[in-house]
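Structure file entry_17.csv; described as CSV, C-alpha atoms.
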chain,number,residue,atom,x,y,z
A,54,MET,CA,0.0,0.0,0.0
A,55,ILE,CA,1.2,3.6,-0.9
A,56,GLY,CA,-0.8,5.8,1.5
A,57,TYR,CA,-4.3,4.7,0.7
A,58,MET,CA,-3.6,3.3,-2.7
A,59,GLN,CA,-2.7,-0.2,-3.7
A,60,MET,CA,0.9,-0.4,-4.9
A,61,PRO,CA,1.1,-1.3,-8.6
A,62,ALA,CA,2.7,-4.6,-9.4
A,63,ASP,CA,5.2,-3.0,-11.8
A,64,PHE,CA,6.2,-0.2,-9.5
A,65,ILE,CA,9.9,0.3,-10.3
A,66,TYR,CA,10.9,1.7,-6.9
A,67,LYS,CA,9.1,-1.0,-4.9
A,68,ASP,CA,12.3,-2.3,-3.2
A,69,VAL,CA,13.3,1.3,-2.1
A,70,PHE,CA,9.8,2.1,-0.9
A,71,LEU,CA,9.6,-1.1,1.2
A,72,LYS,CA,12.9,-0.3,2.9
A,73,GLY,CA,11.3,2.8,4.4
A,74,LYS,CA,13.0,5.8,5.9
A,75,PRO,CA,16.5,5.0,7.3
A,76,VAL,CA,16.7,4.9,11.0
A,77,HIS,CA,20.0,5.8,12.7
A,78,GLN,CA,21.0,5.4,16.3
A,79,ARG,CA,21.3,8.5,18.4
A,80,PHE,CA,25.0,8.7,18.4
A,81,ASP,CA,25.6,7.0,15.0
A,82,ARG,CA,28.5,8.3,13.0
A,83,PHE,CA,26.3,9.2,10.1
A,84,ARG,CA,23.8,11.1,12.2
A,85,LEU,CA,26.6,13.0,13.9
A,86,ARG,CA,28.0,14.1,10.5
A,87,HIS,CA,24.5,14.7,9.0
A,88,PRO,CA,22.1,15.8,11.6
A,89,SER,CA,18.4,16.0,10.7
A,90,MET,CA,17.2,19.4,9.7
A,91,ASP,CA,14.4,21.0,11.7
A,92,CYS,CA,11.1,21.8,10.0
A,93,GLY,CA,11.7,25.6,10.1
A,94,ARG,CA,15.0,25.5,8.2
A,95,ARG,CA,13.6,22.9,5.8
A,96,ALA,CA,10.7,25.2,5.0
A,97,LYS,CA,13.0,28.1,4.2
A,98,ILE,CA,14.6,26.0,1.4
A,99,PHE,CA,11.3,25.9,-0.5
A,100,ALA,CA,10.1,29.4,0.5
A,101,PRO,CA,11.4,31.1,-2.7
A,102,PHE,CA,9.6,28.6,-4.9
A,103,ASP,CA,6.4,30.2,-6.2
A,104,ALA,CA,4.2,27.5,-7.7
A,105,LEU,CA,1.6,30.0,-8.9
A,106,ALA,CA,3.4,32.9,-10.3
A,107,GLY,CA,1.5,36.2,-9.8
A,108,PHE,CA,-1.0,34.6,-7.4
A,109,ASN,CA,0.1,36.7,-4.4
A,110,GLU,CA,-0.2,39.9,-6.4
A,111,ALA,CA,-3.7,38.9,-7.6
A,112,VAL,CA,-4.9,38.3,-4.1
A,113,ALA,CA,-3.3,41.6,-2.9
A,114,ALA,CA,-5.1,43.5,-5.7
A,115,LYS,CA,-8.4,42.1,-4.6
A,116,GLU,CA,-7.9,43.6,-1.1
A,117,VAL,CA,-7.6,47.2,-2.4
A,118,LEU,CA,-10.7,49.2,-1.5
A,119,TYR,CA,-12.1,51.3,-4.2
A,120,GLU,CA,-14.8,54.1,-3.9
A,121,PHE,CA,-17.0,56.1,-6.1
A,122,ARG,CA,-15.9,59.5,-7.3
A,123,ARG,CA,-17.1,62.3,-5.0
A,124,GLU,CA,-18.9,65.3,-6.4
A,125,LEU,CA,-17.9,68.7,-5.1
A,126,ASP,CA,-20.6,71.1,-4.1
A,127,ASP,CA,-20.6,74.7,-5.3
A,128,GLY,CA,-18.7,76.1,-2.3
A,129,GLU,CA,-16.0,73.5,-2.6
A,130,LYS,CA,-15.7,74.2,-6.3
A,131,GLU,CA,-15.3,77.9,-5.6
A,132,GLU,CA,-12.6,77.3,-3.0
A,133,LEU,CA,-10.7,74.9,-5.3
A,134,ASN,CA,-11.0,77.5,-8.1
A,135,ARG,CA,-9.6,80.2,-5.8
A,136,LYS,CA,-6.7,78.0,-4.9
A,137,LEU,CA,-6.0,77.3,-8.6
A,138,VAL,CA,-6.0,81.0,-9.3
A,139,VAL,CA,-3.4,81.6,-6.6
A,140,LEU,CA,-1.2,78.8,-7.9
A,141,HIS,CA,-1.6,80.0,-11.4
A,142,SER,CA,-0.5,83.5,-10.4
A,143,MET,CA,2.6,82.0,-8.7
A,144,THR,CA,3.5,79.7,-11.5
A,145,TYR,CA,2.4,81.5,-14.7
A,146,ASN,CA,5.7,80.8,-16.4
A,147,SER,CA,8.7,78.6,-15.7
A,148,ARG,CA,10.8,81.4,-14.1
A,149,ALA,CA,8.0,82.3,-11.6
A,150,ALA,CA,7.5,78.6,-10.8
A,151,GLU,CA,11.2,78.1,-10.2
A,152,LYS,CA,11.5,81.3,-8.1
A,153,ASN,CA,8.4,80.6,-5.9
A,154,LYS,CA,8.7,76.8,-5.6
A,155,VAL,CA,5.3,76.4,-4.2
A,156,PRO,CA,5.0,73.2,-2.1
A,157,VAL,CA,1.5,71.7,-2.4
A,158,THR,CA,-0.4,68.5,-1.5
A,159,VAL,CA,-3.0,67.5,-4.0
A,160,THR,CA,-5.7,64.8,-3.3
A,161,TYR,CA,-7.0,63.5,-6.6
A,162,TYR,CA,-9.0,60.6,-8.1
A,163,VAL,CA,-7.4,57.7,-9.9
A,164,PRO,CA,-9.8,55.3,-11.6
A,165,CYS,CA,-9.3,51.5,-11.1
A,166,ALA,CA,-6.9,50.2,-13.7
A,167,ASP,CA,-7.3,46.4,-12.9
A,168,LYS,CA,-9.5,44.9,-15.6
A,169,ASN,CA,-10.1,41.8,-13.4
A,170,SER,CA,-11.6,43.9,-10.6
A,171,PHE,CA,-15.3,44.5,-10.1
A,172,SER,CA,-14.5,48.2,-9.7
A,173,TYR,CA,-13.0,48.6,-13.1
A,174,GLY,CA,-14.7,51.5,-15.0
A,175,CYS,CA,-16.9,52.6,-12.1
A,176,ARG,CA,-14.8,53.2,-9.0
A,177,GLY,CA,-11.3,54.3,-8.1
A,178,GLN,CA,-9.0,55.6,-5.3
A,179,TYR,CA,-8.1,59.0,-3.9
A,180,VAL,CA,-4.4,59.5,-3.9
A,181,LYS,CA,-2.4,62.2,-2.1
A,182,LEU,CA,0.6,63.7,-3.9
A,183,SER,CA,3.0,66.1,-2.3
A,184,GLY,CA,5.5,68.1,-4.3
A,185,ILE,CA,6.3,71.4,-5.9
A,186,CYS,CA,3.7,73.0,-8.2
A,187,ARG,CA,5.4,73.4,-11.6
A,188,TYR,CA,2.5,74.7,-13.8
A,189,VAL,CA,-1.2,75.4,-13.7
A,190,GLY,CA,-2.8,75.3,-17.2
A,191,LEU,CA,-6.4,75.6,-18.5
A,192,ARG,CA,-7.4,72.1,-17.6
A,193,SER,CA,-4.6,70.6,-15.5
A,194,ILE,CA,-2.0,71.2,-12.9
A,195,THR,CA,1.5,69.8,-12.8
A,196,VAL,CA,3.0,68.7,-9.5
A,197,ASP,CA,6.6,67.7,-9.9
A,198,LYS,CA,6.2,65.5,-13.1
A,199,THR,CA,2.6,64.4,-12.5
A,200,VAL,CA,-0.1,66.0,-14.6
A,201,ILE,CA,-3.5,66.0,-12.8
A,202,LEU,CA,-6.8,67.1,-14.5
A,203,PHE,CA,-8.9,69.7,-12.6
A,204,ASP,CA,-11.9,67.3,-12.8
A,205,ASP,CA,-10.0,64.7,-10.7
A,206,ILE,CA,-8.9,67.1,-8.0
A,207,LEU,CA,-10.7,66.8,-4.6
A,208,GLU,CA,-8.5,69.0,-2.5
A,209,ILE,CA,-5.4,71.2,-2.7
A,210,THR,CA,-3.5,72.2,0.4
A,211,SER,CA,-0.3,74.3,0.8
A,212,THR,CA,2.5,72.7,2.7
A,213,LYS,CA,3.7,75.0,5.4
A,214,THR,CA,7.2,76.2,4.8
A,215,VAL,CA,9.9,77.7,7.0
A,216,LYS,CA,10.0,80.8,4.8
A,217,GLY,CA,6.5,82.0,5.5
A,218,PRO,CA,2.8,81.4,6.1
A,219,ASN,CA,0.4,79.2,4.2
A,220,ILE,CA,0.0,80.7,0.7
A,221,PHE,CA,-3.8,80.1,0.6
A,222,GLU,CA,-4.3,82.1,3.9
A,223,THR,CA,-2.6,85.1,2.4
A,224,TRP,CA,-3.7,84.6,-1.2
A,225,GLU,CA,-4.8,88.3,-1.8
A,226,ASP,CA,-1.1,89.2,-1.9
A,227,TYR,CA,-0.4,86.8,-4.7
A,228,ALA,CA,-3.7,87.2,-6.7
A,229,SER,CA,-3.0,90.8,-7.6
Take the structure in the file and give it back as structure tokens.
Amino acid sequence: MIGYMQMPADFIYKDVFLKGKPVHQRFDRFRLRHPSMDCGRRAKIFAPFDALAGFNEAVAAKEVLYEFRRELDDGEKEELNRKLVVLHSMTYNSRAAEKNKVPVTVTYYVPCADKNSFSYGCRGQYVKLSGICRYVGLRSITVDKTVILFDDILEITSTKTVKGPNIFETWEDYAS
């Protein structure tokens, strides 16, 4: 018998199987030179082997929580527009952007890109990006090297700097 199965008559390793696992005395010369490996170390040998390539990544992708895009009310839209006007006045060309180096944190919507997810095409995530505002155009803002559309922006905040106060609190100075 092999486990629960009947051993085939033409099994080529029948003699080896019937010998069983070798048993050594406690202080046998072979056992002293080749001690048995504990289960933890033995498991580490096979840990790098991934039988299902990409399976762990697929499981992790299913754990990501997606949400519907939030709609801004009129007050929030006006506040966002005011902040974009301030940023535009400080970064209207590359020289002004380089001189002012306005640090901002932008929270924006990124749609789900996983075609195997139930959220594909209808939900996404809100991502926070901190960096230097490089350019504010007609439909988008550039923070570092990331271009973000105005429709995707939920919130813009100014990062407090050592040089001075929050730019959005004193925006009248910059808007003129």
Exercise. Grab the atom CA of Val180 of chain A to atom CA of Val163 of chain A distance for me, in Å with one decimal place.
Key: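 Result for atom CA of Val180 of chain A versus atom CA of Val163 of chain A: 6.9 Å, one decimal.
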Determine, using only C-alpha atoms, which residues of segment 80-169 of chain A have any atom at most 9 Å from an atom of segment 190-200 of chain A, and tabulate each with its shortest atom pair and distance in Å to one decimal place, rows ordered by chain and then rising number, as CSV.
residue,atom,partner,partner_atom,distance
A:Leu137,CA,A:Ile194,CA,8.5
A:His141,CA,A:Gly190,CA,7.6
A:Tyr145,CA,A:Gly190,CA,8.5
A:Pro156,CA,A:Val196,CA,8.9
A:Val157,CA,A:Val196,CA,7.9
A:Thr158,CA,A:Val196,CA,8.7
A:Val159,CA,A:Val196,CA,8.2
Quiz prompt | Surrounding residues of segment 164-167 of chain A excluding itself and chain neighbours under 6 positions, 12 Å, only C-alpha atoms, as a list of chain:residue names | solution =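 Contacts, with the query itself left out: A:Glu110, A:Ala111, A:Ala113, A:Ala114, A:Lys115, A:Val117, A:Leu118, A:Tyr119, A:Glu120, A:Phe121, A:Arg122, A:Tyr173, A:Gly174, A:Cys175, A:Arg176, A:Gly177, A:Gln178, A:Tyr179, A:Val180, A:Asp205.
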Quiz prompt | Selected residue, from A:Tyr161, A:Leu71, A:Tyr188, A:Lys181, that lies nearest to Leu202 of chain A when counting all atoms listed in the file | solution =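 Among the listed residues, the smallest separation from Leu202 of chain A belongs to A:Tyr161.
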Quiz prompt | Gap from atom CA of Leu182 of chain A to atom CA of Leu133 of chain A - Å, one decimal | solution = 16.0 Å
Exercise. Record the distance separating atom CA of Gly93 of chain A and atom CA of Val69 of chain A, expressed in Å with one decimal.
Key: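 For atom CA of Gly93 of chain A relative to atom CA of Val69 of chain A, the distance reads 27.2 Å.
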